[in-house]
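Dropping structure_10.cif in here (mmCIF, C-alpha atoms):
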```cif
data_work
loop_
_atom_site.label_atom_id
_atom_site.label_comp_id
_atom_site.auth_asym_id
_atom_site.auth_seq_id
_atom_site.Cartn_x
_atom_site.Cartn_y
_atom_site.Cartn_z
CA MET E 1 -145.08 -3.41 -226.02
CA ARG E 2 -141.91 -5.45 -225.84
CA LEU E 3 -143.96 -8.56 -225.13
CA LEU E 4 -146.20 -7.95 -228.11
CA PHE E 5 -143.28 -7.33 -230.41
CA GLY E 6 -141.47 -10.42 -229.14
CA THR E 7 -144.54 -12.62 -229.64
CA LEU E 8 -145.05 -11.33 -233.16
CA PHE E 9 -141.41 -11.97 -233.93
CA GLY E 10 -141.64 -15.53 -232.60
CA LEU E 11 -144.76 -16.22 -234.63
CA ALA E 12 -143.17 -14.79 -237.75
CA VAL E 13 -140.20 -17.12 -237.28
CA ALA E 14 -142.60 -20.03 -236.79
CA ALA E 15 -144.54 -19.24 -239.96
CA LEU E 16 -141.39 -18.76 -241.99
CA VAL E 17 -139.77 -21.97 -240.76
CA GLY E 18 -142.93 -24.06 -240.98
CA LEU E 19 -144.17 -22.99 -244.38
CA GLY E 20 -140.64 -22.82 -245.77
CA LEU E 21 -139.96 -26.40 -244.75
CA THR E 22 -143.26 -27.57 -246.22
CA TYR E 23 -142.64 -25.77 -249.49
CA HIS E 24 -139.11 -27.11 -249.68
CA ALA E 25 -140.17 -30.68 -248.89
CA LEU E 26 -142.94 -30.68 -251.48
CA THR E 27 -141.13 -28.98 -254.33
CA ARG E 28 -138.07 -31.17 -253.93
CA GLY E 29 -140.25 -34.26 -253.90
CA THR E 30 -138.81 -35.72 -250.75
CA ALA E 31 -140.48 -38.82 -249.41
CA PHE E 32 -139.18 -41.63 -247.29
CA GLY E 33 -138.34 -45.07 -248.58
CA GLY E 34 -136.92 -44.03 -251.96
CA LEU E 35 -135.19 -46.68 -254.03
CA SER E 36 -132.16 -45.11 -255.73
CA ILE E 37 -130.35 -47.03 -258.42
CA ASP E 38 -127.55 -44.98 -259.98
CA SER E 39 -129.27 -41.71 -260.86
CA TRP E 40 -132.76 -43.25 -261.04
CA THR E 41 -135.11 -42.97 -258.08
CA ALA E 42 -138.41 -44.68 -257.40
CA TRP E 43 -140.77 -44.51 -254.44
CA PRO E 44 -142.53 -47.87 -254.54
CA LYS E 45 -144.28 -47.14 -251.25
CA THR E 46 -145.95 -44.07 -252.70
CA GLY E 47 -148.12 -46.45 -254.73
CA THR E 48 -149.49 -48.19 -251.64
CA VAL E 49 -151.63 -47.34 -248.61
CA ASP E 50 -148.39 -47.11 -246.63
CA ALA E 51 -147.51 -43.87 -248.44
CA ASP E 52 -146.07 -41.46 -245.86
CA PRO E 53 -147.56 -38.00 -245.23
CA TYR E 54 -144.91 -36.33 -247.40
CA ALA E 55 -145.73 -38.59 -250.34
CA ARG E 56 -149.45 -37.96 -249.84
CA ALA E 57 -148.94 -34.20 -249.73
CA SER E 58 -146.75 -34.31 -252.81
CA ILE E 59 -149.35 -36.37 -254.71
CA ALA E 60 -152.07 -33.88 -253.76
CA ARG E 61 -149.93 -30.89 -254.72
CA THR E 62 -148.93 -32.19 -258.17
CA GLY E 63 -152.40 -33.53 -258.97
CA ARG E 64 -151.21 -36.82 -260.37
CA LEU E 65 -152.41 -40.34 -259.71
CA PRO E 66 -149.36 -42.29 -258.54
CA THR E 67 -148.50 -45.61 -260.15
CA ALA E 68 -150.03 -48.25 -257.90
CA LEU E 69 -147.57 -50.90 -256.79
CA GLY E 70 -149.72 -53.72 -258.16
CA ASP E 71 -149.53 -52.01 -261.54
CA GLY E 72 -145.86 -51.08 -261.71
CA VAL E 73 -143.06 -48.88 -260.46
CA SER E 74 -141.99 -45.46 -261.78
CA PHE E 75 -138.35 -44.47 -261.82
CA THR E 76 -137.59 -40.78 -262.24
CA LEU E 77 -134.37 -39.39 -263.67
CA GLN E 78 -133.41 -35.76 -263.26
CA SER E 79 -129.65 -35.86 -263.77
CA ASP E 80 -127.08 -37.99 -265.54
CA ASP E 81 -124.66 -40.38 -263.85
CA GLU E 82 -122.23 -37.54 -263.15
CA GLY E 83 -124.89 -35.53 -261.37
CA LYS E 84 -125.37 -33.01 -264.18
CA ALA E 85 -129.00 -31.96 -264.55
CA LEU E 86 -130.67 -33.22 -267.73
CA ASP E 87 -130.48 -30.48 -270.34
CA GLY E 88 -132.69 -30.58 -273.42
CA ARG E 89 -130.10 -28.77 -275.51
CA CYS E 90 -127.55 -31.57 -275.00
CA GLU E 91 -127.37 -35.11 -276.27
CA VAL E 92 -128.03 -37.56 -273.45
CA ILE E 93 -127.42 -41.25 -274.05
CA LEU E 94 -129.24 -43.96 -272.14
CA SER E 95 -127.66 -47.36 -272.61
CA GLY E 96 -128.03 -50.76 -271.02
CA ILE E 97 -130.95 -52.86 -269.92
CA THR E 98 -133.87 -52.52 -267.52
CA PRO E 99 -135.01 -54.73 -264.65
CA VAL E 100 -137.28 -57.60 -265.65
CA ALA E 101 -140.79 -56.39 -266.39
CA ARG E 102 -143.52 -57.43 -268.79
CA PHE E 103 -143.54 -53.99 -270.38
CA TRP E 104 -141.83 -50.71 -269.76
CA THR E 105 -142.28 -47.20 -271.05
CA LEU E 106 -139.87 -44.27 -271.02
CA THR E 107 -141.44 -40.81 -271.18
CA LEU E 108 -140.00 -37.32 -271.29
CA TYR E 109 -141.78 -34.64 -269.23
CA ASN E 110 -141.15 -31.03 -268.40
CA PRO E 111 -140.65 -30.42 -264.66
CA ASP E 112 -144.41 -29.83 -264.25
CA GLY E 113 -145.25 -33.26 -265.62
CA GLY E 114 -146.45 -32.13 -269.05
CA LEU E 115 -145.36 -33.63 -272.35
CA VAL E 116 -142.87 -31.64 -274.40
CA ALA E 117 -143.95 -30.55 -277.88
CA ASN E 118 -141.74 -31.70 -280.76
CA SER E 119 -141.99 -32.07 -284.53
CA THR E 120 -142.37 -35.86 -284.53
CA ASN E 121 -145.01 -36.12 -281.77
CA ARG E 122 -142.86 -38.65 -279.98
CA TYR E 123 -143.06 -38.34 -276.22
CA GLY E 124 -141.45 -41.62 -275.24
CA PHE E 125 -140.75 -45.22 -276.07
CA THR E 126 -142.30 -48.49 -275.05
CA SER E 127 -140.31 -51.69 -274.59
CA GLN E 128 -141.81 -53.00 -277.84
CA GLU E 129 -140.80 -50.07 -280.00
CA ILE E 130 -137.17 -49.95 -279.07
CA VAL E 131 -134.43 -51.16 -281.43
CA ARG E 132 -132.10 -53.46 -279.51
CA ARG E 133 -128.67 -54.92 -280.00
CA ALA E 134 -128.19 -58.67 -280.35
CA ASP E 135 -127.63 -59.05 -276.59
CA GLY E 136 -130.91 -57.32 -275.75
CA SER E 137 -129.37 -54.06 -274.58
CA PHE E 138 -130.44 -50.79 -276.13
CA GLU E 139 -129.32 -47.23 -276.58
CA ILE E 140 -131.66 -44.26 -276.57
CA VAL E 141 -130.49 -40.83 -277.68
CA VAL E 142 -132.34 -37.99 -275.97
CA ALA E 143 -131.46 -34.96 -278.06
CA PRO E 144 -132.92 -31.85 -279.64
CA ARG E 145 -131.92 -32.86 -283.18
CA ALA E 146 -132.72 -36.04 -285.11
CA ASN E 147 -130.46 -39.02 -284.52
CA ALA E 148 -130.27 -42.48 -286.01
CA GLY E 149 -131.69 -45.29 -283.90
CA ASN E 150 -133.86 -44.67 -280.86
CA TRP E 151 -134.20 -40.90 -280.85
CA LEU E 152 -136.26 -39.23 -278.15
CA PRO E 153 -136.69 -35.53 -279.02
CA THR E 154 -136.34 -32.97 -276.24
CA GLY E 155 -137.85 -30.06 -278.13
CA GLY E 156 -134.84 -28.04 -276.98
CA VAL E 157 -136.24 -27.34 -273.50
CA GLU E 158 -133.77 -26.45 -270.82
CA ARG E 159 -134.93 -28.85 -268.10
CA TYR E 160 -136.76 -32.11 -268.39
CA GLU E 161 -137.09 -35.37 -266.56
CA LEU E 162 -137.39 -38.92 -267.76
CA VAL E 163 -139.76 -41.42 -266.19
CA LEU E 164 -139.15 -45.12 -266.71
CA ARG E 165 -142.22 -47.11 -265.74
CA LEU E 166 -141.92 -50.84 -265.26
CA TYR E 167 -145.25 -52.62 -265.58
CA ASP E 168 -145.98 -55.99 -264.02
CA THR E 169 -142.60 -56.27 -262.38
CA ALA E 170 -141.14 -57.89 -259.30
CA VAL E 171 -139.42 -54.63 -258.36
CA GLY E 172 -141.15 -53.30 -255.29
CA VAL E 173 -140.93 -52.12 -251.72
CA SER E 174 -138.38 -54.74 -250.69
CA THR E 175 -136.11 -54.25 -253.71
CA LYS E 176 -132.52 -53.17 -253.01
CA ALA E 177 -130.16 -51.71 -255.57
CA GLY E 178 -128.07 -54.53 -257.02
CA ARG E 179 -127.55 -56.85 -259.92
CA GLU E 180 -131.22 -57.83 -260.20
CA VAL E 181 -132.21 -54.26 -260.94
CA PRO E 182 -129.92 -53.00 -263.70
CA MET E 183 -130.86 -49.52 -264.85
CA PRO E 184 -129.63 -47.87 -268.05
CA GLU E 185 -126.49 -45.76 -267.75
CA VAL E 186 -126.99 -42.08 -268.44
CA MET E 187 -124.25 -39.98 -270.08
CA THR E 188 -124.37 -36.45 -271.41
CA ARG E 189 -122.44 -36.58 -274.66
CA SER E 190 -122.34 -33.21 -276.28
CA CYS E 191 -123.61 -29.82 -275.21
CA PRO E 192 -123.65 -26.79 -277.48
CA MET I 1 -129.78 -11.03 -226.49
CA ILE I 2 -130.80 -14.25 -224.73
CA ARG I 3 -134.38 -13.13 -225.05
CA TRP I 4 -134.07 -12.95 -228.85
CA LEU I 5 -132.33 -16.31 -229.04
CA LEU I 6 -135.12 -17.85 -227.00
CA LEU I 7 -137.70 -16.25 -229.27
CA ILE I 8 -135.95 -17.66 -232.36
CA LEU I 9 -135.70 -21.09 -230.77
CA GLY I 10 -139.35 -21.04 -229.73
CA GLY I 11 -140.35 -19.82 -233.16
CA ALA I 12 -138.37 -22.60 -234.82
CA LEU I 13 -139.99 -25.23 -232.61
CA LEU I 14 -143.42 -23.85 -233.37
CA GLY I 15 -142.39 -23.77 -237.03
CA GLY I 16 -141.70 -27.49 -236.90
CA ILE I 17 -145.24 -28.06 -235.66
CA VAL I 18 -146.62 -25.76 -238.36
CA HIS I 19 -144.64 -27.75 -240.95
CA LEU I 20 -145.96 -31.13 -239.82
CA ALA I 21 -149.50 -29.81 -239.56
CA THR I 22 -149.46 -28.30 -243.06
CA VAL I 23 -148.04 -31.49 -244.58
CA ILE I 24 -150.75 -33.58 -242.96
CA ILE I 25 -153.59 -31.17 -243.74
CA LEU I 26 -152.53 -30.44 -247.32
CA PRO I 27 -154.15 -33.48 -249.02
CA ARG I 28 -157.49 -32.55 -247.46
CA THR I 29 -157.38 -28.96 -248.60
CA ALA I 30 -155.79 -29.38 -252.04
CA THR I 31 -158.06 -27.95 -254.73
CA GLN I 32 -156.07 -29.21 -257.70
CA ASP I 33 -155.44 -32.82 -256.78
CA ALA I 34 -156.29 -35.61 -259.20
CA TYR I 35 -159.75 -36.16 -257.73
CA ALA I 36 -160.59 -32.47 -258.08
CA ARG I 37 -159.26 -32.42 -261.65
CA LEU I 38 -161.40 -35.43 -262.57
CA SER I 39 -164.58 -34.27 -260.83
CA PRO I 40 -165.79 -31.84 -263.54
CA ILE I 41 -165.36 -34.35 -266.38
CA ALA I 42 -166.19 -37.66 -264.73
CA GLN I 43 -169.71 -38.33 -263.51
CA VAL I 44 -170.09 -40.55 -260.52
CA ASN I 45 -170.23 -44.33 -261.04
CA THR I 46 -169.68 -44.16 -264.80
CA VAL I 47 -166.63 -45.02 -266.88
CA VAL I 48 -165.36 -41.89 -268.59
CA ALA I 49 -162.56 -42.14 -271.15
CA LEU I 50 -159.80 -39.59 -270.65
CA PRO I 51 -158.37 -37.75 -273.64
CA ALA I 52 -154.80 -38.75 -274.46
CA PRO I 53 -152.31 -36.29 -272.98
CA THR I 54 -150.80 -33.78 -275.39
CA PRO I 55 -148.18 -31.07 -274.79
CA GLU I 56 -150.96 -28.47 -274.73
CA LYS I 57 -153.43 -30.22 -272.53
CA ALA I 58 -153.55 -33.10 -270.12
CA VAL I 59 -156.12 -33.95 -267.48
CA MET I 60 -153.40 -34.79 -264.98
CA PRO I 61 -149.64 -34.36 -264.96
CA PHE I 62 -147.36 -37.37 -265.52
CA MET I 63 -149.84 -39.37 -267.58
CA ASP I 64 -148.25 -42.14 -269.61
CA PRO I 65 -148.88 -41.36 -273.32
CA ALA I 66 -148.47 -45.04 -274.23
CA PHE I 67 -151.73 -45.84 -272.47
CA ALA I 68 -155.38 -45.32 -273.20
CA SER I 69 -157.04 -44.49 -269.92
CA ALA I 70 -160.45 -44.09 -268.42
CA VAL I 71 -161.62 -43.37 -264.92
CA CYS I 72 -164.60 -44.32 -262.83
CA ARG I 73 -165.20 -41.88 -260.02
CA TYR I 74 -167.17 -43.87 -257.53
CA ASP I 75 -169.48 -43.28 -254.63
CA LEU I 76 -170.38 -46.38 -252.68
CA SER I 77 -173.04 -44.77 -250.51
CA GLN I 78 -175.78 -46.22 -252.74
CA GLY I 79 -174.35 -49.74 -252.64
CA PRO I 80 -171.41 -51.78 -253.92
CA LEU I 81 -169.94 -51.17 -257.35
CA LYS I 82 -169.53 -53.74 -260.09
CA LEU I 83 -166.62 -53.28 -262.45
CA THR I 84 -165.95 -55.12 -265.71
CA VAL I 85 -162.93 -54.36 -267.86
CA PRO I 86 -162.17 -56.21 -271.10
CA VAL I 87 -158.51 -57.13 -271.37
CA SER I 88 -156.36 -55.81 -274.22
CA PRO I 89 -153.84 -57.99 -276.07
CA ALA I 90 -150.92 -56.11 -274.53
CA TYR I 91 -151.38 -54.99 -270.96
CA THR I 92 -154.37 -53.77 -269.01
CA SER I 93 -154.41 -52.60 -265.43
CA VAL I 94 -157.01 -51.36 -263.01
CA SER I 95 -155.83 -49.21 -260.09
CA PHE I 96 -157.94 -48.09 -257.17
CA TYR I 97 -157.41 -44.77 -255.42
CA THR I 98 -159.04 -43.27 -252.36
CA ARG I 99 -160.64 -39.85 -252.33
CA TYR I 100 -157.19 -38.48 -251.45
CA ASP I 101 -155.46 -40.20 -254.38
CA VAL I 102 -153.75 -42.92 -252.36
CA ALA I 103 -153.47 -46.15 -254.33
CA TYR I 104 -154.83 -49.02 -252.26
CA TYR I 105 -155.18 -51.79 -254.80
CA ALA I 106 -154.25 -52.63 -258.37
CA ILE I 107 -154.72 -55.63 -260.58
CA ASN I 108 -153.51 -56.36 -264.09
CA ASP I 109 -154.76 -58.66 -266.82
CA ARG I 110 -152.35 -61.46 -265.96
CA ALA I 111 -153.26 -61.46 -262.29
CA ALA I 112 -156.92 -61.59 -263.26
CA GLY I 113 -156.16 -64.51 -265.57
CA ARG I 114 -159.17 -64.07 -267.85
CA ARG I 115 -160.35 -62.15 -270.86
CA VAL I 116 -162.34 -59.83 -268.63
CA ILE I 117 -161.40 -58.35 -265.27
CA GLU I 118 -164.50 -58.52 -263.10
CA LEU I 119 -164.71 -57.36 -259.54
CA ASP I 120 -166.94 -55.93 -256.87
CA LEU I 121 -165.93 -52.85 -254.95
CA MET I 122 -167.47 -52.21 -251.57
CA THR I 123 -166.85 -50.57 -248.25
CA THR I 124 -165.88 -52.62 -245.23
CA ALA I 125 -169.41 -52.30 -243.84
CA GLN I 126 -170.94 -53.55 -247.09
CA ARG I 127 -168.46 -56.42 -247.19
CA GLU I 128 -169.63 -57.58 -243.81
CA GLN I 129 -173.18 -57.85 -245.11
CA VAL I 130 -172.18 -60.15 -247.97
CA PRO I 131 -173.28 -63.65 -247.03
CA GLU I 132 -170.32 -65.86 -246.22
CA ASP I 133 -170.30 -68.35 -249.03
CA GLU I 134 -166.67 -69.16 -249.48
CA GLU I 135 -166.99 -71.17 -252.65
CA VAL I 136 -168.73 -68.37 -254.44
CA THR I 137 -166.25 -65.84 -253.13
CA ALA I 138 -163.24 -67.86 -254.14
CA ALA I 139 -164.48 -68.98 -257.52
CA ASP I 140 -165.81 -65.99 -259.34
CA ARG I 141 -166.15 -62.96 -257.16
CA LEU I 142 -163.13 -60.83 -256.65
CA ILE I 143 -164.05 -58.41 -253.89
CA VAL I 144 -162.09 -55.24 -253.26
CA GLU I 145 -162.63 -53.20 -250.13
CA SER I 146 -162.46 -49.44 -250.42
CA PRO I 147 -161.13 -47.60 -247.36
CA THR I 148 -163.17 -44.50 -248.26
CA PRO I 149 -166.76 -44.37 -249.56
CA THR I 150 -165.64 -42.30 -252.55
CA GLY I 151 -162.61 -42.56 -254.78
CA VAL I 152 -161.34 -43.12 -258.30
CA ILE I 153 -160.68 -46.23 -260.35
CA ALA I 154 -158.15 -45.79 -263.15
CA ILE I 155 -158.54 -48.22 -266.05
CA ARG I 156 -155.56 -48.27 -268.38
CA ALA I 157 -154.74 -50.28 -271.48
CA MET I 158 -151.33 -50.15 -273.09
CA ALA I 159 -150.68 -49.48 -276.75
CA PRO I 160 -147.19 -50.92 -277.31
CA GLU I 161 -147.05 -49.03 -280.62
CA PRO I 162 -148.83 -45.76 -281.44
CA GLY I 163 -150.90 -47.56 -284.11
CA LEU I 164 -152.50 -49.72 -281.46
CA LEU I 165 -153.80 -46.80 -279.41
CA ARG I 166 -157.22 -46.95 -281.08
CA VAL I 167 -157.65 -50.60 -280.09
CA ALA I 168 -156.65 -49.82 -276.52
CA GLU I 169 -159.03 -46.84 -276.44
CA SER I 170 -161.97 -48.89 -277.60
CA LEU I 171 -161.25 -51.60 -275.03
CA VAL I 172 -161.03 -49.11 -272.22
CA ALA I 173 -164.23 -47.43 -273.35
CA ALA I 174 -166.01 -50.78 -273.29
CA SER I 175 -165.44 -51.22 -269.57
CA LYS I 176 -168.29 -50.64 -267.20
CA CYS I 177 -168.76 -49.63 -263.63
CA SER I 178 -172.16 -49.38 -262.02
CA THR I 179 -173.72 -49.64 -258.62
CA GLN I 180 -175.42 -52.96 -258.28
CA GLN I 181 -178.71 -53.48 -256.58
CA PRO I 182 -178.00 -54.26 -252.95
CA GLU I 183 -178.46 -57.95 -252.19
CA PRO I 184 -182.10 -58.36 -251.21
CA PRO I 185 -182.06 -59.10 -247.50
CA PRO I 186 -184.70 -61.55 -246.26
CA ARG I 187 -187.62 -59.43 -245.24
CA ALA I 188 -191.40 -59.41 -245.22
CA PRO I 189 -192.96 -59.33 -248.68
CA VAL I 190 -193.77 -55.85 -249.73
CA ARG I 191 -197.48 -55.19 -249.72
CA PRO I 192 -198.84 -53.37 -252.69
CA PRO I 193 -200.09 -49.93 -251.81
CA GLU I 194 -203.68 -50.03 -250.74
CA PRO I 195 -206.11 -48.51 -253.16
CA PRO I 196 -207.78 -45.38 -251.85
CA ARG I 197 -210.91 -46.20 -250.05
CA PRO I 198 -214.05 -45.22 -251.89
CA ARG I 199 -215.77 -42.43 -250.13
CA ARG I 200 -219.16 -42.94 -248.85
#
```
Rendering of file as structure tokens:
Amino acid sequence: MRLLFGTLFGLAVAALVGLGLTYHALTRGTAFGGLSIDSWTAWPKTGTVDADPYARASIARTGRLPTALGDGVSFTLQSDDEGKALDGRCEVILSGITPVARFWTLTLYNPDGGLVANSTNRYGFTSQEIVRRADGSFEIVVAPRANAGNWLPTGGVERYELVLRLYDTAVGVSTKAGREVPMPEVMTRSCP
Amino acid sequence: MIRWLLLILGGALLGGIVHLATVIILPRTATQDAYARLSPIAQVNTVVALPAPTPEKAVMPFMDPAFASAVCRYDLSQGPLKLTVPVSPAYTSVSFYTRYDVAYYAINDRAAGRRVIELDLMTTAQREQVPEDEEVTAADRLIVESPTPTGVIAIRAMAPEPGLLRVAESLVAASKCSTQQPEPPPRAPVRPPEPPRPRR
């Protein structure tokens, strides 16, 4: 009886630890070989055949097709430069420039990867649509209410993430954070 | 006391194995991965345009709304696949994914260097049967090898401004993927079926 109980206990621990770790790894989106630049993170290897088992499992779980490396690189942003999670009720300012790429797009998603409904049907910007300063830098205001300039509406959702996709770029597996890969600064300006 | 500690330790070790096993098995058991989501709407070896993602509905999560996209779900068991994609004025890319949604190849309009991206997709076994004629291979046949006999090709054209989405959609819809006739191997001429013998 003691043996049976002990075995069951051991197996229960195993199931809890094993499935808990898997769930944690997949919901937090951990994969090896991430390229972190300020608060932006990309996994260039996820778009290649060298994708590690965690990346493969995460791709299968979310149901997306990853950006192939020959196509481009996706940078995800979940918090501002001070580590505060992006909040759709606040005004978040993105300013600066992007790494060299033929085109880029910036898109706002809810945490499940869906677009966020808003009154203007604007879900993101492309590099061609953006209004720039004379030196080529830009400022994008991600906010629930209309703003002058490049306004990306949040629809007032609590949590969202931004994905910056660089298309036809030299940024890849061997890229290191540095001067060649400048990413926009992210500041939360005003919260209600 | 020691007995319980040992049980917890053993359980944790076993848990580590369970964790690794589930992570590795997951892509093969996932019922809602991209391939499974595309299967009901995309017939095999045909280009199917995907509806643009909206807040209410999207075929897959994390689709880029600035792109018009189409997919070709392929099955190479009947022979190699021929793919032609007209290039849009802005940016066009073709990405290849295995059955388990791993990207193994991608090409864009600039890398293709022409008005039309043309390539042949085949398995490694089919590639080996292609006659070695290097000039032909280098000059006009771009051959891509698929690691799995089935998979998905994503064809995407960018609309730099929302007004250009229609143009991008029509270009993507004009692309074609089809299984080609296998190269006729040298063999004995096929005899026409013999007419039934008249009965006596």
Each residue of chain E lying at most 7 Å from chain I should get a row with its shortest atom-to-atom pair and the distance in Å to one decimal, counting only C-alpha atoms; could you produce that, ordered by chain and increasing number, as a Markdown table?
```
| residue | atom | partner | partner_atom | distance |
| --- | --- | --- | --- | --- |
| E:Gly6 | CA | I:Leu7 | CA | 6.9 |
| E:Gly10 | CA | I:Gly11 | CA | 4.5 |
| E:Leu11 | CA | I:Gly11 | CA | 5.9 |
| E:Val13 | CA | I:Gly11 | CA | 4.9 |
| E:Ala14 | CA | I:Gly15 | CA | 3.8 |
| E:Ala15 | CA | I:Gly15 | CA | 5.8 |
| E:Val17 | CA | I:Gly15 | CA | 4.9 |
| E:Gly18 | CA | I:Gly15 | CA | 4.0 |
| E:Leu19 | CA | I:His19 | CA | 5.9 |
| E:Leu21 | CA | I:His19 | CA | 6.2 |
| E:Thr22 | CA | I:His19 | CA | 5.5 |
| E:Gly47 | CA | I:Ala103 | CA | 5.4 |
| E:Thr48 | CA | I:Ala103 | CA | 5.2 |
| E:Val49 | CA | I:Tyr104 | CA | 5.1 |
| E:Pro53 | CA | I:Ile24 | CA | 5.9 |
| E:Tyr54 | CA | I:Val23 | CA | 6.4 |
| E:Arg56 | CA | I:Pro27 | CA | 6.5 |
| E:Ala57 | CA | I:Pro27 | CA | 5.3 |
| E:Ala60 | CA | I:Asp33 | CA | 4.6 |
| E:Arg61 | CA | I:Asp33 | CA | 6.2 |
| E:Thr62 | CA | I:Asp33 | CA | 6.7 |
| E:Gly63 | CA | I:Asp33 | CA | 3.8 |
| E:Arg64 | CA | I:Ala34 | CA | 5.4 |
| E:Leu65 | CA | I:Ala34 | CA | 6.1 |
| E:Ala68 | CA | I:Ala103 | CA | 5.4 |
| E:Gly70 | CA | I:Ala106 | CA | 4.7 |
| E:Asp71 | CA | I:Ala106 | CA | 5.7 |
| E:Asp112 | CA | I:Pro61 | CA | 7.0 |
| E:Gly113 | CA | I:Pro61 | CA | 4.6 |
| E:Gly114 | CA | I:Pro61 | CA | 5.6 |
| E:Leu115 | CA | I:Pro55 | CA | 4.5 |
| E:Val116 | CA | I:Pro55 | CA | 5.4 |
| E:Ala117 | CA | I:Pro55 | CA | 5.3 |
| E:Thr126 | CA | I:Pro160 | CA | 5.9 |
| E:Gln128 | CA | I:Pro160 | CA | 5.8 |
| E:Glu129 | CA | I:Glu161 | CA | 6.4 |
```
For this session: In the coordinates of the file, take the point (-171.2, -41.8, -257.7) and a cut-off of 10 Å; then, counting only C-alpha atoms, name each qualifying protein, DNA or RNA residue as a list of chain:residue names.
Result: I:Ala42, I:Gln43, I:Val44, I:Asn45, I:Thr46, I:Cys72, I:Arg73, I:Tyr74, I:Asp75, I:Leu76, I:Ser77, I:Gln78, I:Gly79, I:Leu81, I:Pro149, I:Thr150, I:Gly151, I:Val152, I:Ser178, I:Thr179
Exercise. When distances are computed from only C-alpha atoms, which of I:Ile2, I:Thr148, I:Arg166, I:Ser69 shows the smallest separation from Val47 (chain I)?
Worked result: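 Using only C-alpha atoms, Val47 (chain I) sits closest to I:Ser69.
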For this session: Specify as a count of residues only each residue included when the PyMOL selection byres ((chain E and resi 141-152) around 10) is applied to this file.
Result: 39
Exercise. So what do you get for CA of Val87 (chain I) versus CA of Lys176 (chain I), distance-wise?
Worked result: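 Between these atoms lies a distance of 12.5 Å.
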Exercise. Could you write out as a PyMOL selection string the residues that the PyMOL selection byres ((chain E and resi 83) around 10) matches in the shown file?
Worked result: chain E and resi 38-39+78-82+84-86+186-187
Problem set entry | Straight-line distance linking CA of Val73 (chain E) with CA of Ser88 (chain I), stated in Å to one decimal |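 Those two atoms sit 20.4 Å apart.
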Exercise. Taking the file as shown, what set of residues would the PyMOL selection byres ((chain I and resi 127) around 12) give back, as a PyMOL selection string?
Worked result: chain I and resi 76+79-81+120-126+128-132+137+142-147+182-183
Problem set entry | region 102-105 of chain E surroundings by all atoms listed in the file, 6 Å radius, close-in-sequence under 6 positions cut, as a PyMOL selection string | chain E and resi 125-127+164-168
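CA of Ile153 (chain I) is found 13.1 Å from CA of Ile117 (chain I).
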Exercise. With only C-alpha atoms as the basis for distance, which of E:Val181, E:Val100, E:Val171, E:Ala25 is at the shortest distance from Lys45 (chain E)?
Worked result: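 Closest to Lys45 (chain E) of all the choices is E:Val171.
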Problem set entry | Residue with smallest distance to Gly72 (chain E) - pool E:Asn110, E:Thr7, E:Thr27, E:Thr169, counting only C-alpha atoms |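 Checking each of E:Asn110, E:Thr7, E:Thr27, E:Thr169 against Gly72 (chain E), counting only C-alpha atoms, the winner is E:Thr169.
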Problem set entry | Residues near Ala49 (chain I), cut-off 9 Å, all atoms listed in the file, skip fewer than 4 positions along chain, as a PyMOL selection string | chain I and resi 42+68-72+155+169+172-173
Since the input lacks atoms, please generate N, CA and C atoms for region 108-117 of chain E and provide them as a CSV table (one decimal), in the frame of the given file.
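What landed in selection18.csv:
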```csv
chain,number,residue,atom,x,y,z
E,108,LEU,N,-140.7,-38.6,-271.6
E,108,LEU,CA,-140.0,-37.3,-271.3
E,108,LEU,C,-141.0,-36.3,-270.9
E,109,TYR,N,-140.8,-35.7,-269.7
E,109,TYR,CA,-141.8,-34.6,-269.2
E,109,TYR,C,-141.0,-33.4,-268.9
E,110,ASN,N,-141.7,-32.3,-269.0
E,110,ASN,CA,-141.2,-31.0,-268.4
E,110,ASN,C,-141.3,-31.1,-266.9
E,111,PRO,N,-140.6,-30.2,-266.1
E,111,PRO,CA,-140.6,-30.4,-264.7
E,111,PRO,C,-142.1,-30.4,-264.0
E,112,ASP,N,-143.0,-29.9,-264.8
E,112,ASP,CA,-144.4,-29.8,-264.2
E,112,ASP,C,-145.2,-31.1,-264.6
E,113,GLY,N,-144.6,-32.0,-265.3
E,113,GLY,CA,-145.2,-33.3,-265.6
E,113,GLY,C,-146.0,-33.2,-266.9
E,114,GLY,N,-145.8,-32.2,-267.7
E,114,GLY,CA,-146.4,-32.1,-269.0
E,114,GLY,C,-145.5,-32.7,-270.1
E,115,LEU,N,-146.2,-33.1,-271.2
E,115,LEU,CA,-145.4,-33.6,-272.4
E,115,LEU,C,-144.7,-32.4,-273.0
E,116,VAL,N,-143.6,-32.7,-273.7
E,116,VAL,CA,-142.9,-31.6,-274.4
E,116,VAL,C,-143.1,-31.7,-275.9
E,117,ALA,N,-143.6,-30.6,-276.5
E,117,ALA,CA,-144.0,-30.6,-277.9
E,117,ALA,C,-142.7,-30.8,-278.7
```
